[in-house]
>>> print(open('my_file.cif').read())   # mmCIF, C-alpha atoms and all ligand atoms
data_coords
loop_
_atom_site.label_atom_id
_atom_site.label_comp_id
_atom_site.auth_asym_id
_atom_site.auth_seq_id
_atom_site.Cartn_x
_atom_site.Cartn_y
_atom_site.Cartn_z
CA MET A 239 21.94 0.97 -24.84
CA TYR A 240 22.29 4.66 -23.99
CA LYS A 241 18.98 6.46 -24.24
CA MET A 242 18.41 10.06 -23.25
CA GLU A 243 14.98 10.69 -21.69
CA LEU A 244 12.61 13.65 -21.91
CA GLN A 245 10.58 14.85 -18.93
CA LEU A 246 7.70 17.32 -19.24
CA ALA A 247 7.41 19.61 -16.19
CA LEU A 248 3.92 20.87 -15.35
CA ASP A 249 4.02 23.80 -12.95
CA LEU A 250 1.28 26.27 -13.77
CA VAL A 251 -1.80 24.07 -14.14
CA ASP A 252 -4.46 22.43 -12.01
CA ILE A 253 -5.30 18.72 -12.27
CA THR A 254 -7.64 19.19 -15.22
CA GLY A 255 -5.11 21.37 -17.04
CA ALA A 256 -2.33 18.87 -16.33
CA LYS A 257 -4.31 16.05 -17.91
CA GLU A 258 -5.12 18.22 -20.95
CA VAL A 259 -1.46 19.04 -21.59
CA VAL A 260 -0.30 15.44 -21.10
CA ALA A 261 -3.01 14.19 -23.45
CA GLU A 262 -1.55 16.45 -26.17
CA VAL A 263 2.08 15.43 -25.80
CA ALA A 264 2.12 12.01 -24.09
CA GLU A 265 3.57 10.24 -27.13
CA TYR A 266 6.69 12.45 -27.05
CA ILE A 267 7.65 12.23 -23.37
CA ASP A 268 9.07 9.56 -21.05
CA ILE A 269 8.27 11.16 -17.69
CA VAL A 270 5.65 13.68 -16.58
CA GLU A 271 6.56 15.90 -13.66
CA ILE A 272 3.87 17.16 -11.34
CA GLY A 273 5.61 20.40 -10.39
CA THR A 274 6.03 21.83 -6.91
CA PRO A 275 3.39 24.57 -7.36
CA VAL A 276 0.83 22.00 -8.55
CA ILE A 277 1.47 19.79 -5.51
CA ILE A 278 1.29 22.82 -3.20
CA ASN A 279 -2.08 23.73 -4.71
CA GLU A 280 -3.59 20.30 -5.31
CA GLY A 281 -1.67 17.92 -3.06
CA LEU A 282 -0.59 14.43 -4.07
CA HIS A 283 -4.06 14.00 -5.60
CA ALA A 284 -2.50 15.53 -8.71
CA VAL A 285 0.09 12.73 -8.90
CA LYS A 286 -2.62 10.10 -8.40
CA ALA A 287 -4.94 11.62 -11.01
CA VAL A 288 -2.25 11.89 -13.69
CA LYS A 289 -0.90 8.39 -13.01
CA GLU A 290 -4.43 6.96 -13.24
CA ALA A 291 -5.07 8.81 -16.50
CA PHE A 292 -1.66 7.89 -18.05
CA PRO A 293 -0.57 4.58 -16.47
CA ASN A 294 2.16 4.03 -19.05
CA LEU A 295 4.00 7.24 -18.18
CA THR A 296 6.36 7.54 -15.22
CA VAL A 297 5.11 10.32 -12.94
CA LEU A 298 7.66 12.39 -11.03
CA ALA A 299 6.48 14.17 -7.88
CA ASP A 300 8.54 17.36 -7.56
CA LEU A 301 8.24 17.56 -3.79
CA LYS A 302 11.73 19.10 -3.35
CA VAL A 303 11.94 17.24 -0.02
CA MET A 304 14.18 18.83 2.63
CA ASP A 305 13.41 16.65 5.67
CA ALA A 306 11.60 13.41 6.56
CA GLY A 307 12.82 11.83 3.31
CA GLY A 308 11.50 8.33 4.00
CA TYR A 309 7.98 9.46 4.95
CA GLU A 310 7.59 11.89 2.06
CA VAL A 311 8.79 9.33 -0.48
CA MET A 312 6.40 6.74 0.95
CA LYS A 313 3.39 9.06 0.55
CA ALA A 314 4.37 10.13 -2.98
CA ALA A 315 5.00 6.53 -4.09
CA GLU A 316 1.65 5.47 -2.63
CA ALA A 317 0.04 8.17 -4.80
CA GLY A 318 1.70 6.68 -7.89
CA ALA A 319 4.98 8.57 -8.20
CA GLY A 320 7.76 6.57 -9.85
CA ILE A 321 10.34 9.27 -9.08
CA VAL A 322 10.45 11.73 -6.16
CA THR A 323 12.71 14.78 -5.83
CA ILE A 324 14.88 15.52 -2.79
CA LEU A 325 16.98 18.66 -2.41
CA GLY A 326 20.75 18.29 -2.66
CA VAL A 327 21.15 20.80 0.18
CA SER A 328 19.34 18.38 2.55
CA ASP A 329 21.12 16.38 5.19
CA ASP A 330 22.64 13.07 4.07
CA LEU A 331 20.25 11.31 6.50
CA THR A 332 17.28 12.75 4.61
CA ILE A 333 18.68 11.59 1.28
CA SER A 334 19.60 8.10 2.49
CA GLY A 335 16.18 7.74 4.16
CA ALA A 336 14.58 8.68 0.86
CA VAL A 337 16.73 6.20 -1.06
CA ALA A 338 15.91 3.36 1.36
CA GLU A 339 12.16 4.03 1.16
CA ALA A 340 12.27 4.39 -2.63
CA LYS A 341 13.90 0.95 -2.87
CA LYS A 342 11.09 -0.54 -0.74
CA GLN A 343 8.45 1.13 -2.90
CA GLY A 344 10.05 0.39 -6.27
CA ALA A 345 10.47 4.14 -6.86
CA ARG A 346 13.51 6.26 -7.76
CA ILE A 347 15.08 9.38 -6.28
CA LEU A 348 16.10 12.48 -8.22
CA VAL A 349 18.25 14.89 -6.25
CA ASP A 350 17.72 18.52 -7.27
CA MET A 351 20.97 20.46 -6.88
CA ILE A 352 19.20 23.84 -6.99
CA ASN A 353 21.19 26.40 -5.01
CA VAL A 354 23.97 23.98 -4.06
CA LYS A 355 27.13 26.09 -3.81
CA ASN A 356 29.86 23.41 -3.65
CA LEU A 357 28.43 21.57 -6.66
CA ALA A 358 31.24 19.12 -7.57
CA GLU A 359 31.87 18.10 -3.95
CA ARG A 360 28.16 17.71 -3.10
CA ALA A 361 27.43 15.83 -6.32
CA LYS A 362 30.12 13.27 -5.38
CA GLU A 363 28.63 12.88 -1.89
CA VAL A 364 25.06 12.55 -3.16
CA ASP A 365 26.19 10.05 -5.79
CA ALA A 366 27.72 7.88 -3.06
CA LEU A 367 24.34 7.82 -1.26
CA GLY A 368 22.89 5.70 -4.06
CA VAL A 369 20.44 8.14 -5.64
CA ASP A 370 19.12 7.48 -9.14
CA TYR A 371 19.42 10.94 -10.73
CA ILE A 372 21.39 14.08 -9.92
CA CYS A 373 19.87 17.16 -11.53
CA VAL A 374 21.37 20.61 -12.07
CA HIS A 375 18.67 23.23 -12.01
CA SER A 376 18.35 26.96 -12.61
CA GLY A 377 15.09 27.81 -10.87
CA TYR A 378 12.70 30.52 -11.98
CA ASP A 379 14.46 33.16 -9.90
CA HIS A 380 17.83 32.32 -11.48
CA GLN A 381 16.29 32.22 -14.94
CA ALA A 382 14.83 35.69 -14.40
CA ALA A 383 18.38 36.86 -13.68
CA GLY A 384 19.55 35.38 -17.01
CA MET A 385 21.27 32.31 -15.58
CA ASN A 386 21.28 28.70 -16.78
CA SER A 387 22.82 25.39 -15.67
CA PHE A 388 24.68 24.32 -18.80
CA GLU A 389 28.12 24.69 -17.20
CA ASP A 390 26.87 22.99 -14.02
CA LEU A 391 25.89 19.96 -16.10
CA ARG A 392 29.49 19.61 -17.29
CA THR A 393 30.66 19.89 -13.68
CA ILE A 394 28.48 17.06 -12.38
CA LYS A 395 29.14 14.90 -15.42
CA SER A 396 32.84 15.02 -14.60
CA VAL A 397 32.37 13.69 -11.04
CA VAL A 398 29.20 11.55 -10.95
CA LYS A 399 29.95 7.84 -11.36
CA GLN A 400 26.73 5.95 -10.46
CA ALA A 401 23.68 8.17 -10.85
CA LYS A 402 22.16 9.42 -14.06
CA THR A 403 22.54 13.14 -14.71
CA ALA A 404 19.69 15.53 -15.45
CA ILE A 405 19.21 19.20 -16.26
CA ALA A 406 16.25 21.55 -15.73
CA GLY A 407 15.46 25.22 -15.90
CA GLY A 408 14.38 27.32 -18.85
CA ILE A 409 15.30 24.82 -21.57
CA LYS A 410 13.57 25.70 -24.82
CA LEU A 411 13.73 24.82 -28.51
CA ASP A 412 16.50 27.35 -29.10
CA THR A 413 18.74 25.81 -26.39
CA ILE A 414 17.85 22.12 -26.57
CA ALA A 415 20.64 21.29 -29.05
CA GLU A 416 23.29 22.77 -26.73
CA VAL A 417 21.84 20.87 -23.76
CA VAL A 418 21.68 17.58 -25.65
CA SER A 419 25.27 17.95 -26.84
CA ALA A 420 26.42 18.11 -23.20
CA GLY A 421 25.03 14.56 -22.80
CA PRO A 422 22.65 14.44 -19.81
CA ASP A 423 20.66 11.24 -19.26
CA LEU A 424 17.47 13.22 -18.63
CA VAL A 425 16.33 16.58 -20.04
CA ILE A 426 13.53 18.37 -18.19
CA VAL A 427 11.43 20.90 -20.09
CA GLY A 428 8.50 22.87 -18.69
CA GLY A 429 7.69 26.24 -20.22
CA GLY A 430 9.54 25.31 -23.43
CA ILE A 431 6.62 22.99 -24.16
CA THR A 432 3.69 24.26 -22.05
CA GLY A 433 4.26 27.87 -23.14
CA ALA A 434 4.64 27.10 -26.86
CA ASP A 435 1.91 28.21 -29.27
CA ASP A 436 1.81 24.64 -30.60
CA ARG A 437 2.66 22.39 -27.65
CA LYS A 438 2.48 19.18 -29.68
CA ALA A 439 4.89 20.51 -32.32
CA ALA A 440 7.31 21.82 -29.68
CA ALA A 441 7.28 18.50 -27.82
CA ALA A 442 7.78 16.57 -31.06
CA GLU A 443 10.74 18.71 -32.11
CA ILE A 444 12.37 18.61 -28.67
CA GLN A 445 11.87 14.85 -28.47
CA LYS A 446 13.46 14.39 -31.89
CA LEU A 447 16.65 16.14 -30.75
CA VAL A 448 16.70 14.29 -27.43
CA LYS A 449 16.30 10.89 -29.07
CA GLN A 450 18.91 11.63 -31.74
CA ALA A 451 21.53 11.90 -29.01
O1 LIG B 501 11.19 22.69 -10.85
C1 LIG B 501 10.90 23.67 -11.52
C2 LIG B 501 10.94 25.03 -10.94
O2 LIG B 501 11.43 24.99 -9.62
C3 LIG B 501 10.51 23.49 -12.97
O3 LIG B 501 9.67 22.39 -13.08
C4 LIG B 501 11.73 23.30 -13.84
O4 LIG B 501 12.54 24.46 -13.75
C5 LIG B 501 11.37 23.05 -15.31
O5 LIG B 501 10.53 24.06 -15.78
P1 LIG B 501 11.00 25.18 -16.85
O6 LIG B 501 11.51 24.45 -18.06
O7 LIG B 501 9.72 25.95 -17.13
O8 LIG B 501 12.07 26.01 -16.17
#
>>> encode(input="my_file.cif", output="structure tokens")
Amino acid sequence: MYKMELQLALDLVDITGAKEVVAEVAEYIDIVEIGTPVIINEGLHAVKAVKEAFPNLTVLADLKVMDAGGYEVMKAAEAGAGIVTILGVSDDLTISGAVAEAKKQGARILVDMINVKNLAERAKEVDALGVDYICVHSGYDHQAAGMNSFEDLRTIKSVVKQAKTAIAGGIKLDTIAEVVSAGPDLVIVGGGITGADDRKAAAAEIQKLVKQA
């Protein structure tokens, strides 16, 4: 049965803060992302700590790997990551190395298409490499310039045949309905939950819309 998933992205916290936020909203999310800034600051210890504290949640390590795909995936999976991110702009060898290692480790690969220029063409290529998710993403710098990835989601949905599709970047309560109606398999929300006055209520409301899809 088709079931859209919700991922909480944690970017601006340390390990203690990450565990506090997840404790508040765990019942509403399917996947918890340990964001790139957290891993830069804390290392893969953050992935390990969150997985140990919430063993029933899938933990995504947002490593945004660009090279040495197999090695990086191995280390993240050993720390407890169920999903690891690789950049779509990486070489095919990096992506296929990551996919092969993920298979060995029982983990999955999400390819982040941030800053990919030839989106439809690259999405087709990445799909053929056997990745699990292909994610369109407006990063913080794009968001600050008023951009989003809603149209990009439609583009990849029209060409991707095997992988699940995902969307990230600035999704909030006021845009979640539009995102959901475009039909991604995975919706990634960071600040829309972590920056809300009532994080639990925001997560509950976003989850409701995601699960109604
Ligand atoms: O990967 C990221 C930034 O590079 C973020 O985790 C992603 O954009 C989701 O966070 P937000 O909803 O706050 O934009």
>>> closest_residue(input="my_file.cif", among="A:Gly273, A:Gly384, A:Gly433, A:Gly368", to="ligand LIG 501 (chain B)", atoms="all atoms listed in the file")
A:Gly273
>>> residues_near_ligand(input="my_file.cif", ligand="ligand LIG 501 (chain B)", cutoff="6 Å", atoms="only C-alpha atoms and all ligand atoms", output="PyMOL selection string")
chain A and resi 247+249+273+377-378+406-409+426-430
>>> residues_near_point(input="my_file.cif", point="(16.2, 17.4, -30.3)", cutoff="12 Å", atoms="all atoms listed in the file", output="PyMOL selection string")
chain A and resi 242-244+266+409-419+421+425+427+439-451
>>> residues_around(input="my_file.cif", residues="Val297 in chain A", least_positions_apart="4", cutoff="6 Å", atoms="all atoms listed in the file", output="ChimeraX atom specification")
/A:269-271,319-320
>>> closest_residue(input="my_file.cif", among="A:Glu359, A:Glu310, A:Glu290, A:Asp435", to="Val337 in chain A", atoms="only C-alpha atoms")
A:Glu310
>>> atom_distance(input="my_file.cif", atom1="CA of Glu265 in chain A", atom2="CA of Ile431 in chain A")
13.4 Å
>>> closest_residue(input="my_file.cif", among="A:Asp330, A:Asp268, A:Asp305, A:Glu258", to="Ala291 in chain A", atoms="only C-alpha atoms")
A:Glu258
>>> atom_distance(input="my_file.cif", atom1="CA of Ala340 in chain A", atom2="CA of Lys313 in chain A")
10.5 Å
>>> axis_aligned_box(input="my_file.cif", around="range 379-386 of chain A", padding_each_side="3 Å", output="lines of an AutoDock Vina configuration file")
center_x = 17.9
center_y = 32.8
center_z = -13.5
size_x = 12.8
size_y = 14.2
size_z = 13.1
>>> decode(input="my_file.cif", residues="range 291-315 of chain A", atoms="N, CA and C atoms", output="compact mmCIF listing (two decimals), in the first residue's frame")
# COMPACT_ATOMS: atom_id res chain seq x y z
N ALA A 291 19.02 5.90 21.51
CA ALA A 291 17.92 6.45 22.31
C ALA A 291 16.55 6.13 21.69
N PHE A 292 16.50 6.02 20.35
CA PHE A 292 15.21 5.78 19.65
C PHE A 292 15.37 4.63 18.66
N PRO A 293 15.54 3.41 19.16
CA PRO A 293 15.84 2.28 18.27
C PRO A 293 14.75 1.98 17.25
N ASN A 294 13.52 2.42 17.52
CA ASN A 294 12.44 2.12 16.57
C ASN A 294 12.36 3.10 15.40
N LEU A 295 13.10 4.20 15.50
CA LEU A 295 13.10 5.16 14.39
C LEU A 295 14.25 4.87 13.44
N THR A 296 14.01 5.06 12.14
CA THR A 296 15.11 5.02 11.18
C THR A 296 15.88 6.32 11.31
N VAL A 297 17.21 6.21 11.39
CA VAL A 297 18.05 7.41 11.47
C VAL A 297 18.73 7.62 10.11
N LEU A 298 18.60 8.83 9.59
CA LEU A 298 19.27 9.18 8.33
C LEU A 298 20.48 10.05 8.65
N ALA A 299 21.64 9.66 8.14
CA ALA A 299 22.86 10.45 8.31
C ALA A 299 23.02 11.33 7.07
N ASP A 300 22.85 12.65 7.25
CA ASP A 300 22.92 13.56 6.10
C ASP A 300 24.38 13.95 5.84
N LEU A 301 25.14 12.96 5.38
CA LEU A 301 26.56 13.19 5.14
C LEU A 301 26.82 13.97 3.85
N LYS A 302 25.83 13.99 2.93
CA LYS A 302 26.03 14.65 1.62
C LYS A 302 27.37 14.20 1.02
N VAL A 303 27.54 12.89 0.89
CA VAL A 303 28.80 12.31 0.41
C VAL A 303 29.06 12.71 -1.03
N MET A 304 30.33 13.02 -1.32
CA MET A 304 30.75 13.48 -2.65
C MET A 304 31.83 12.57 -3.23
N ASP A 305 32.44 11.75 -2.38
CA ASP A 305 33.52 10.86 -2.82
C ASP A 305 33.60 9.72 -1.80
N ALA A 306 34.30 8.66 -2.17
CA ALA A 306 34.49 7.52 -1.25
C ALA A 306 33.15 7.02 -0.73
N GLY A 307 32.19 6.82 -1.64
CA GLY A 307 30.83 6.45 -1.25
C GLY A 307 30.76 5.20 -0.39
N GLY A 308 31.48 4.15 -0.80
CA GLY A 308 31.41 2.89 -0.06
C GLY A 308 31.90 3.05 1.37
N TYR A 309 33.04 3.71 1.55
CA TYR A 309 33.63 3.86 2.89
C TYR A 309 32.73 4.70 3.81
N GLU A 310 32.24 5.81 3.26
CA GLU A 310 31.42 6.70 4.09
C GLU A 310 30.12 6.02 4.52
N VAL A 311 29.53 5.26 3.59
CA VAL A 311 28.29 4.55 3.92
C VAL A 311 28.57 3.48 4.98
N MET A 312 29.69 2.80 4.85
CA MET A 312 30.04 1.77 5.83
C MET A 312 30.13 2.39 7.24
N LYS A 313 30.83 3.51 7.36
CA LYS A 313 31.01 4.12 8.68
C LYS A 313 29.67 4.61 9.26
N ALA A 314 28.84 5.21 8.39
CA ALA A 314 27.55 5.72 8.87
C ALA A 314 26.64 4.57 9.29
N ALA A 315 26.64 3.48 8.49
CA ALA A 315 25.79 2.33 8.83
C ALA A 315 26.27 1.69 10.13
